[in-house]
Number of protein chains: 2
Amino acid sequence: MEITNQVKNQLSEAGLKATHPRIVVLRELVVSNDHPTAERIHENIKIDNPSISLGSVYRVLDVLVDAGLIQRVSVRSGSKRYDANMSPHGHLYCLQTNKIQDFYDEELYELINEFFRKKRIRNFKINEIKLQVNGERIDPDAEITIT
Amino acid sequence: MEITNQVKNQLSEAGLKATHPRIVVLRELVVSNDHPTAERIHENIKIDNPSISLGSVYRVLDVLVDAGLIQRVSVRSGSKRYDANMSPHGHLYCLQTNKIQDFYDEELYELINEFFRKKRIRNFKINEIKLQVNGERIDPDAEITIT
DNA sequence: TCGCATTTGAGAATAATTCCTAAATGGAAA
DNA sequence: TTTCCATTTAGGAATTATTCTCAAATGCGA
Ligand SMILES: [Mn+2]
Ligand SMILES: [Mn+2]
Ligand SMILES: [Zn+2]
Ligand SMILES: [Zn+2]
């Protein structure tokens, strides 16, 4: 499996042991694009990997976040969500359906980065800039399209 | 007390009963500018209002958010934070100290709003746009200054 | 001043996440 | 290859954050 090897490389390049739980959790996040919760990841992987515990999923997710391989997305609604897409992008969050959709815009991210480069912010080392747009889908089942 | 009356007005204008817990919780948020948690609000107000329960603080905060009088700010770290400042602004969040500091920039917010007005986002009614900058203070005790 | 729909206090319940510990294991070194 | 051990894991308990339940209290319009 190609993705499995890619994921193993990501782990060792980050200086992490390529353990089975880490490979499986990271692969699940790489193939899914719906920003799952820890619990949902656990549900999805335990069909093929019944021995991986929910506690390990949480622990592994934390390690992956610290290593910069994935990011956490927090929304209103109970649990944190996870995202293996580390390219600069924002999130459209629907409060009704709880769905999170990525949105990209080179130009906007240029603007924001440029802004924070110009503005001198003293005594603060910027780690990440999060842009989240909360709202509601008109038709809960249809996609959001951006033009 | 002037602030108390101002807060009572805010409540009735929003169509809410001006109950004691609501007045006290909203006033606490209006006078503090450090984005407290529900628990911290409870600690602060219970000196003068020992009968207000933590459950009521949570319930009242929820009502105030729904009424648009305050906003929730979610950060990594356990609990949600609350903010009575409803003018458009972003947040600088320090992962070490857990402090949240407001930052304003007319121009940046113009840009972002303009962006979302131009971009046609179909099937999505925008509710709020949140910009959060995560990072770390160099000197944990000093303020962050923006120039 | 009354009447009542709404809200509250107290504490139980639930949801989400972290912690604990003995056993398992990835991978560096031999 | 096999050995060795620091690191990681499974499983379950514990903790944290928030919501729920319901009888009693109370704002406020009439
Ligand atoms: Mn971490
Ligand atoms: Mn609500
Ligand atoms: Zn994303
Ligand atoms: Zn704020």
# chains A, B, ... in the order shown; residues from 1 in each chain; ligands from 1
>>> closest_atom_pairs(of="chain A", to="ligand 3", cutoff="9 Å", atoms="only C-alpha atoms and all ligand atoms", output="CSV")
residue,atom,partner,partner_atom_place_in_ligand_line,distance
A:Asn33,CA,ligand 3,1 (Zn),7.6
A:Asp34,CA,ligand 3,1 (Zn),7.9
A:His35,CA,ligand 3,1 (Zn),6.6
A:Gln71,CA,ligand 3,1 (Zn),8.3
A:Val73,CA,ligand 3,1 (Zn),7.7
A:Tyr82,CA,ligand 3,1 (Zn),8.0
A:Asp83,CA,ligand 3,1 (Zn),5.4
A:Ala84,CA,ligand 3,1 (Zn),7.4
A:Asn85,CA,ligand 3,1 (Zn),5.6
A:Met86,CA,ligand 3,1 (Zn),7.6
A:Ser87,CA,ligand 3,1 (Zn),8.5
A:Pro88,CA,ligand 3,1 (Zn),8.8
A:His89,CA,ligand 3,1 (Zn),6.6
A:Gly90,CA,ligand 3,1 (Zn),6.6
A:His91,CA,ligand 3,1 (Zn),6.0
A:Leu92,CA,ligand 3,1 (Zn),8.9
A:Ile100,CA,ligand 3,1 (Zn),7.4
A:Gln101,CA,ligand 3,1 (Zn),6.7
A:Asp102,CA,ligand 3,1 (Zn),4.7
A:Phe103,CA,ligand 3,1 (Zn),7.7
>>> closest_atom_pairs(of="chain C", to="range 4-22 of chain D", cutoff="9 Å", atoms="only C-alpha atoms (C1' of nucleotides)", output="CSV")
residue,atom,partner,partner_atom,distance
C:DA12,C1',D:DT21,C1',8.2
C:DA13,C1',D:DC20,C1',7.1
C:DT14,C1',D:DT19,C1',7.3
C:DA15,C1',D:DT18,C1',7.8
C:DA16,C1',D:DA17,C1',8.0
C:DT17,C1',D:DT16,C1',7.7
C:DT18,C1',D:DT15,C1',7.2
C:DC19,C1',D:DA14,C1',7.0
C:DC20,C1',D:DA13,C1',8.0
C:DA23,C1',D:DT9,C1',8.4
C:DA24,C1',D:DT9,C1',7.0
C:DT25,C1',D:DT8,C1',7.7
C:DG26,C1',D:DT7,C1',8.6
C:DA29,C1',D:DC4,C1',9.0
>>> residues_around(residues="Arg22 in chain B", least_positions_apart="6", cutoff="9 Å", atoms="only C-alpha atoms (C1' of nucleotides)", output="list in words")
Val7, Lys8, Leu11, Ser56, Val57, Val60, Leu61, Val63 and Leu64 of chain B
>>> write_last_selection(atoms="N, CA, C and O atoms", output="short mmCIF file (atom, residue, chain, number, x, y, z; two decimals), in the first residue's frame")
data_model
loop_
_atom_site.label_atom_id
_atom_site.label_comp_id
_atom_site.auth_asym_id
_atom_site.auth_seq_id
_atom_site.Cartn_x
_atom_site.Cartn_y
_atom_site.Cartn_z
N VAL B 7 -26.27 47.16 31.61
CA VAL B 7 -26.40 45.73 31.39
C VAL B 7 -27.87 45.30 31.42
O VAL B 7 -28.33 44.49 30.62
N LYS B 8 -28.65 45.89 32.34
CA LYS B 8 -30.09 45.61 32.37
C LYS B 8 -30.74 46.00 31.05
O LYS B 8 -31.58 45.27 30.52
N LEU B 11 -30.02 43.54 28.33
CA LEU B 11 -30.83 42.33 28.48
C LEU B 11 -32.25 42.55 27.96
O LEU B 11 -32.74 41.77 27.14
N SER B 56 -25.91 27.64 36.73
CA SER B 56 -26.59 28.83 36.23
C SER B 56 -25.65 29.69 35.40
O SER B 56 -26.06 30.29 34.40
N VAL B 57 -24.40 29.75 35.81
CA VAL B 57 -23.42 30.51 35.02
C VAL B 57 -23.34 29.93 33.62
O VAL B 57 -23.43 30.66 32.62
N VAL B 60 -26.66 30.72 31.78
CA VAL B 60 -26.75 32.14 31.45
C VAL B 60 -25.80 32.48 30.30
O VAL B 60 -26.19 33.19 29.36
N LEU B 61 -24.59 31.94 30.36
CA LEU B 61 -23.64 32.21 29.27
C LEU B 61 -24.20 31.75 27.94
O LEU B 61 -24.08 32.44 26.92
N VAL B 63 -27.34 31.47 27.09
CA VAL B 63 -28.42 32.39 26.70
C VAL B 63 -27.83 33.68 26.12
O VAL B 63 -28.30 34.18 25.09
N LEU B 64 -26.80 34.19 26.77
CA LEU B 64 -26.19 35.44 26.31
C LEU B 64 -25.53 35.28 24.94
O LEU B 64 -25.59 36.18 24.09
#
>>> interface_residues(of="chain A", to="chain D", cutoff="9 Å", atoms="only C-alpha atoms (C1' of nucleotides)", output="PyMOL selection string")
chain A and resi 17+19+21+51-53+55-56
>>> write_last_selection(atoms="N, CA, C and O atoms", output="PDB file, in the first residue's frame")
ATOM      1  N   LYS A  17       8.775   7.042  16.212  1.00  0.00           N
ATOM      2  CA  LYS A  17       8.688   5.611  15.920  1.00  0.00           C
ATOM      3  C   LYS A  17       7.455   5.342  15.063  1.00  0.00           C
ATOM      4  O   LYS A  17       6.372   5.856  15.347  1.00  0.00           O
ATOM      5  N   THR A  19       5.022   3.264  14.872  1.00  0.00           N
ATOM      6  CA  THR A  19       4.268   2.188  15.513  1.00  0.00           C
ATOM      7  C   THR A  19       2.960   1.956  14.770  1.00  0.00           C
ATOM      8  O   THR A  19       2.486   2.829  14.047  1.00  0.00           O
ATOM      9  N   PRO A  21      -0.259   1.796  15.782  1.00  0.00           N
ATOM     10  CA  PRO A  21      -1.334   2.772  16.011  1.00  0.00           C
ATOM     11  C   PRO A  21      -1.085   4.107  15.299  1.00  0.00           C
ATOM     12  O   PRO A  21      -2.010   4.703  14.756  1.00  0.00           O
ATOM     13  N   SER A  51      -7.524  -3.942  18.028  1.00  0.00           N
ATOM     14  CA  SER A  51      -6.740  -3.863  19.266  1.00  0.00           C
ATOM     15  C   SER A  51      -6.351  -2.433  19.646  1.00  0.00           C
ATOM     16  O   SER A  51      -5.904  -2.186  20.755  1.00  0.00           O
ATOM     17  N   ILE A  52      -6.523  -1.498  18.699  1.00  0.00           N
ATOM     18  CA  ILE A  52      -6.129  -0.124  19.016  1.00  0.00           C
ATOM     19  C   ILE A  52      -7.195   0.521  19.899  1.00  0.00           C
ATOM     20  O   ILE A  52      -8.358   0.612  19.538  1.00  0.00           O
ATOM     21  N   SER A  53      -6.766   1.002  21.072  1.00  0.00           N
ATOM     22  CA  SER A  53      -7.728   1.539  22.039  1.00  0.00           C
ATOM     23  C   SER A  53      -8.009   3.013  21.777  1.00  0.00           C
ATOM     24  O   SER A  53      -7.212   3.724  21.146  1.00  0.00           O
ATOM     25  N   GLY A  55      -8.030   5.350  23.962  1.00  0.00           N
ATOM     26  CA  GLY A  55      -6.997   6.121  24.650  1.00  0.00           C
ATOM     27  C   GLY A  55      -5.762   6.301  23.789  1.00  0.00           C
ATOM     28  O   GLY A  55      -5.163   7.382  23.767  1.00  0.00           O
ATOM     29  N   SER A  56      -5.396   5.254  23.052  1.00  0.00           N
ATOM     30  CA  SER A  56      -4.235   5.364  22.171  1.00  0.00           C
ATOM     31  C   SER A  56      -4.504   6.318  21.030  1.00  0.00           C
ATOM     32  O   SER A  56      -3.614   7.052  20.605  1.00  0.00           O
TER      33      SER A  56
END
>>> residues_near_ligand(ligand="ligand 1", cutoff="8 Å", atoms="only C-alpha atoms (C1' of nucleotides) and all ligand atoms", output="ChimeraX atom specification")
/A:62-63,65-66
>>> interface_residues(of="chain B", to="chain A", cutoff="7 Å", atoms="only C-alpha atoms", output="list in words")
Ser74, Lys119, Arg120, Ile121, Arg122, Asn123, Phe124, Lys125, Ile126, Asn127, Glu128, Ile129, Lys130, Leu131, Gln132, Val133, Asn134, Gly135, Glu136, Arg137, Ile138, Asp139, Ile144, Thr145, Ile146 and Thr147 of chain B
>>> closest_atom_pairs(of="chain C", to="chain B", cutoff="9 Å", atoms="only C-alpha atoms (C1' of nucleotides)", output="Markdown table")
| residue | atom | partner | partner_atom | distance |
| --- | --- | --- | --- | --- |
| C:DT6 | C1' | B:Lys17 | CA | 8.5 |
| C:DT7 | C1' | B:Thr19 | CA | 8.0 |
| C:DT8 | C1' | B:Ser56 | CA | 6.9 |
| C:DG9 | C1' | B:Ser53 | CA | 6.1 |
| C:DA10 | C1' | B:Ser53 | CA | 8.0 |
>>> select_by_dssp(residues="chain A", states="strand (DSSP E)", output="PDB file with N, CA and C atoms, in the first residue's frame")
ATOM      1  N   GLN A  71      -3.322  18.864  12.364  1.00  0.00           N
ATOM      2  CA  GLN A  71      -3.757  19.982  13.193  1.00  0.00           C
ATOM      3  C   GLN A  71      -5.104  19.676  13.831  1.00  0.00           C
ATOM      4  N   ARG A  72      -5.329  20.360  14.936  1.00  0.00           N
ATOM      5  CA  ARG A  72      -6.584  20.268  15.641  1.00  0.00           C
ATOM      6  C   ARG A  72      -7.487  21.391  15.172  1.00  0.00           C
ATOM      7  N   VAL A  73      -8.770  21.101  15.028  1.00  0.00           N
ATOM      8  CA  VAL A  73      -9.743  22.130  14.669  1.00  0.00           C
ATOM      9  C   VAL A  73     -10.795  22.125  15.755  1.00  0.00           C
ATOM     10  N   ARG A  81     -11.767  18.229  16.494  1.00  0.00           N
ATOM     11  CA  ARG A  81     -11.698  17.559  15.198  1.00  0.00           C
ATOM     12  C   ARG A  81     -10.257  17.601  14.719  1.00  0.00           C
ATOM     13  N   TYR A  82      -9.889  16.674  13.826  1.00  0.00           N
ATOM     14  CA  TYR A  82      -8.503  16.569  13.384  1.00  0.00           C
ATOM     15  C   TYR A  82      -8.389  16.599  11.870  1.00  0.00           C
ATOM     16  N   ASP A  83      -7.247  17.079  11.400  1.00  0.00           N
ATOM     17  CA  ASP A  83      -7.077  17.426   9.996  1.00  0.00           C
ATOM     18  C   ASP A  83      -5.634  17.158   9.585  1.00  0.00           C
ATOM     19  N   GLY A  90      -8.605  27.747   5.394  1.00  0.00           N
ATOM     20  CA  GLY A  90      -9.557  28.052   6.446  1.00  0.00           C
ATOM     21  C   GLY A  90     -10.665  27.024   6.504  1.00  0.00           C
ATOM     22  N   HIS A  91     -11.561  27.185   7.465  1.00  0.00           N
ATOM     23  CA  HIS A  91     -12.636  26.217   7.646  1.00  0.00           C
ATOM     24  C   HIS A  91     -14.008  26.872   7.662  1.00  0.00           C
ATOM     25  N   LEU A  92     -14.907  26.271   6.900  1.00  0.00           N
ATOM     26  CA  LEU A  92     -16.311  26.662   6.952  1.00  0.00           C
ATOM     27  C   LEU A  92     -16.992  25.643   7.841  1.00  0.00           C
ATOM     28  N   TYR A  93     -17.575  26.115   8.940  1.00  0.00           N
ATOM     29  CA  TYR A  93     -18.185  25.193   9.901  1.00  0.00           C
ATOM     30  C   TYR A  93     -19.688  25.432   9.962  1.00  0.00           C
ATOM     31  N   CYS A  94     -20.441  24.376   9.684  1.00  0.00           N
ATOM     32  CA  CYS A  94     -21.904  24.488   9.733  1.00  0.00           C
ATOM     33  C   CYS A  94     -22.405  24.059  11.105  1.00  0.00           C
ATOM     34  N   ILE A 100     -17.463  20.255   8.608  1.00  0.00           N
ATOM     35  CA  ILE A 100     -16.377  21.215   8.393  1.00  0.00           C
ATOM     36  C   ILE A 100     -15.890  21.063   6.970  1.00  0.00           C
ATOM     37  N   GLN A 101     -15.860  22.173   6.255  1.00  0.00           N
ATOM     38  CA  GLN A 101     -15.360  22.109   4.882  1.00  0.00           C
ATOM     39  C   GLN A 101     -14.159  23.041   4.727  1.00  0.00           C
ATOM     40  N   ASP A 102     -13.125  22.523   4.062  1.00  0.00           N
ATOM     41  CA  ASP A 102     -11.943  23.355   3.812  1.00  0.00           C
ATOM     42  C   ASP A 102     -12.265  24.443   2.815  1.00  0.00           C
ATOM     43  N   PHE A 103     -11.586  25.576   2.947  1.00  0.00           N
ATOM     44  CA  PHE A 103     -11.587  26.511   1.824  1.00  0.00           C
ATOM     45  C   PHE A 103     -10.217  27.137   1.689  1.00  0.00           C
ATOM     46  N   ILE A 121       4.433  42.655  16.061  1.00  0.00           N
ATOM     47  CA  ILE A 121       3.849  42.138  17.293  1.00  0.00           C
ATOM     48  C   ILE A 121       4.993  41.751  18.211  1.00  0.00           C
ATOM     49  N   ARG A 122       5.163  42.535  19.269  1.00  0.00           N
ATOM     50  CA  ARG A 122       6.299  42.294  20.136  1.00  0.00           C
ATOM     51  C   ARG A 122       5.933  41.348  21.270  1.00  0.00           C
ATOM     52  N   PHE A 124       5.674  38.088  21.124  1.00  0.00           N
ATOM     53  CA  PHE A 124       4.789  36.997  20.724  1.00  0.00           C
ATOM     54  C   PHE A 124       5.349  36.321  19.483  1.00  0.00           C
ATOM     55  N   LYS A 125       5.602  35.009  19.607  1.00  0.00           N
ATOM     56  CA  LYS A 125       6.061  34.227  18.464  1.00  0.00           C
ATOM     57  C   LYS A 125       4.855  33.507  17.859  1.00  0.00           C
ATOM     58  N   ILE A 126       4.460  33.903  16.666  1.00  0.00           N
ATOM     59  CA  ILE A 126       3.278  33.318  16.019  1.00  0.00           C
ATOM     60  C   ILE A 126       3.567  31.885  15.601  1.00  0.00           C
ATOM     61  N   ASN A 127       2.606  31.042  15.934  1.00  0.00           N
ATOM     62  CA  ASN A 127       2.709  29.614  15.695  1.00  0.00           C
ATOM     63  C   ASN A 127       1.824  29.193  14.524  1.00  0.00           C
ATOM     64  N   GLU A 128       0.603  29.652  14.577  1.00  0.00           N
ATOM     65  CA  GLU A 128      -0.353  29.356  13.514  1.00  0.00           C
ATOM     66  C   GLU A 128      -1.462  30.401  13.509  1.00  0.00           C
ATOM     67  N   ILE A 129      -2.025  30.613  12.336  1.00  0.00           N
ATOM     68  CA  ILE A 129      -3.110  31.567  12.180  1.00  0.00           C
ATOM     69  C   ILE A 129      -4.343  30.794  11.733  1.00  0.00           C
ATOM     70  N   LYS A 130      -5.403  30.871  12.540  1.00  0.00           N
ATOM     71  CA  LYS A 130      -6.602  30.090  12.225  1.00  0.00           C
ATOM     72  C   LYS A 130      -7.750  30.987  11.822  1.00  0.00           C
ATOM     73  N   LEU A 131      -8.316  30.694  10.676  1.00  0.00           N
ATOM     74  CA  LEU A 131      -9.465  31.443  10.189  1.00  0.00           C
ATOM     75  C   LEU A 131     -10.639  30.487  10.074  1.00  0.00           C
ATOM     76  N   GLN A 132     -11.659  30.738  10.852  1.00  0.00           N
ATOM     77  CA  GLN A 132     -12.821  29.858  10.844  1.00  0.00           C
ATOM     78  C   GLN A 132     -14.085  30.652  10.596  1.00  0.00           C
ATOM     79  N   VAL A 133     -14.869  30.203   9.631  1.00  0.00           N
ATOM     80  CA  VAL A 133     -16.108  30.886   9.283  1.00  0.00           C
ATOM     81  C   VAL A 133     -17.270  30.013   9.733  1.00  0.00           C
ATOM     82  N   ASN A 134     -17.987  30.485  10.739  1.00  0.00           N
ATOM     83  CA  ASN A 134     -19.139  29.732  11.234  1.00  0.00           C
ATOM     84  C   ASN A 134     -20.413  30.210  10.558  1.00  0.00           C
ATOM     85  N   GLY A 135     -21.304  29.273  10.307  1.00  0.00           N
ATOM     86  CA  GLY A 135     -22.564  29.638   9.675  1.00  0.00           C
ATOM     87  C   GLY A 135     -23.475  28.440   9.543  1.00  0.00           C
ATOM     88  N   GLU A 136     -24.403  28.513   8.629  1.00  0.00           N
ATOM     89  CA  GLU A 136     -25.339  27.408   8.456  1.00  0.00           C
ATOM     90  C   GLU A 136     -25.576  27.128   6.975  1.00  0.00           C
ATOM     91  N   ARG A 137     -25.625  25.862   6.652  1.00  0.00           N
ATOM     92  CA  ARG A 137     -25.986  25.469   5.296  1.00  0.00           C
ATOM     93  C   ARG A 137     -27.462  25.741   5.074  1.00  0.00           C
ATOM     94  N   THR A 145     -20.497  25.482  -2.253  1.00  0.00           N
ATOM     95  CA  THR A 145     -19.626  25.743  -3.402  1.00  0.00           C
ATOM     96  C   THR A 145     -19.134  27.184  -3.360  1.00  0.00           C
ATOM     97  N   ILE A 146     -17.858  27.332  -3.660  1.00  0.00           N
ATOM     98  CA  ILE A 146     -17.230  28.651  -3.621  1.00  0.00           C
ATOM     99  C   ILE A 146     -16.736  28.999  -5.020  1.00  0.00           C
TER     100      ILE A 146
END
>>> atom_distance(atom1="CA of Asn49 in chain B", atom2="CA of Val24 in chain B")
8.3 Å
>>> atom_distance(atom1="CA of Ile45 in chain A", atom2="CA of Val31 in chain A")
11.8 Å
>>> atom_distance(atom1="CA of Ile23 in chain A", atom2="CA of Thr4 in chain A")
6.9 Å
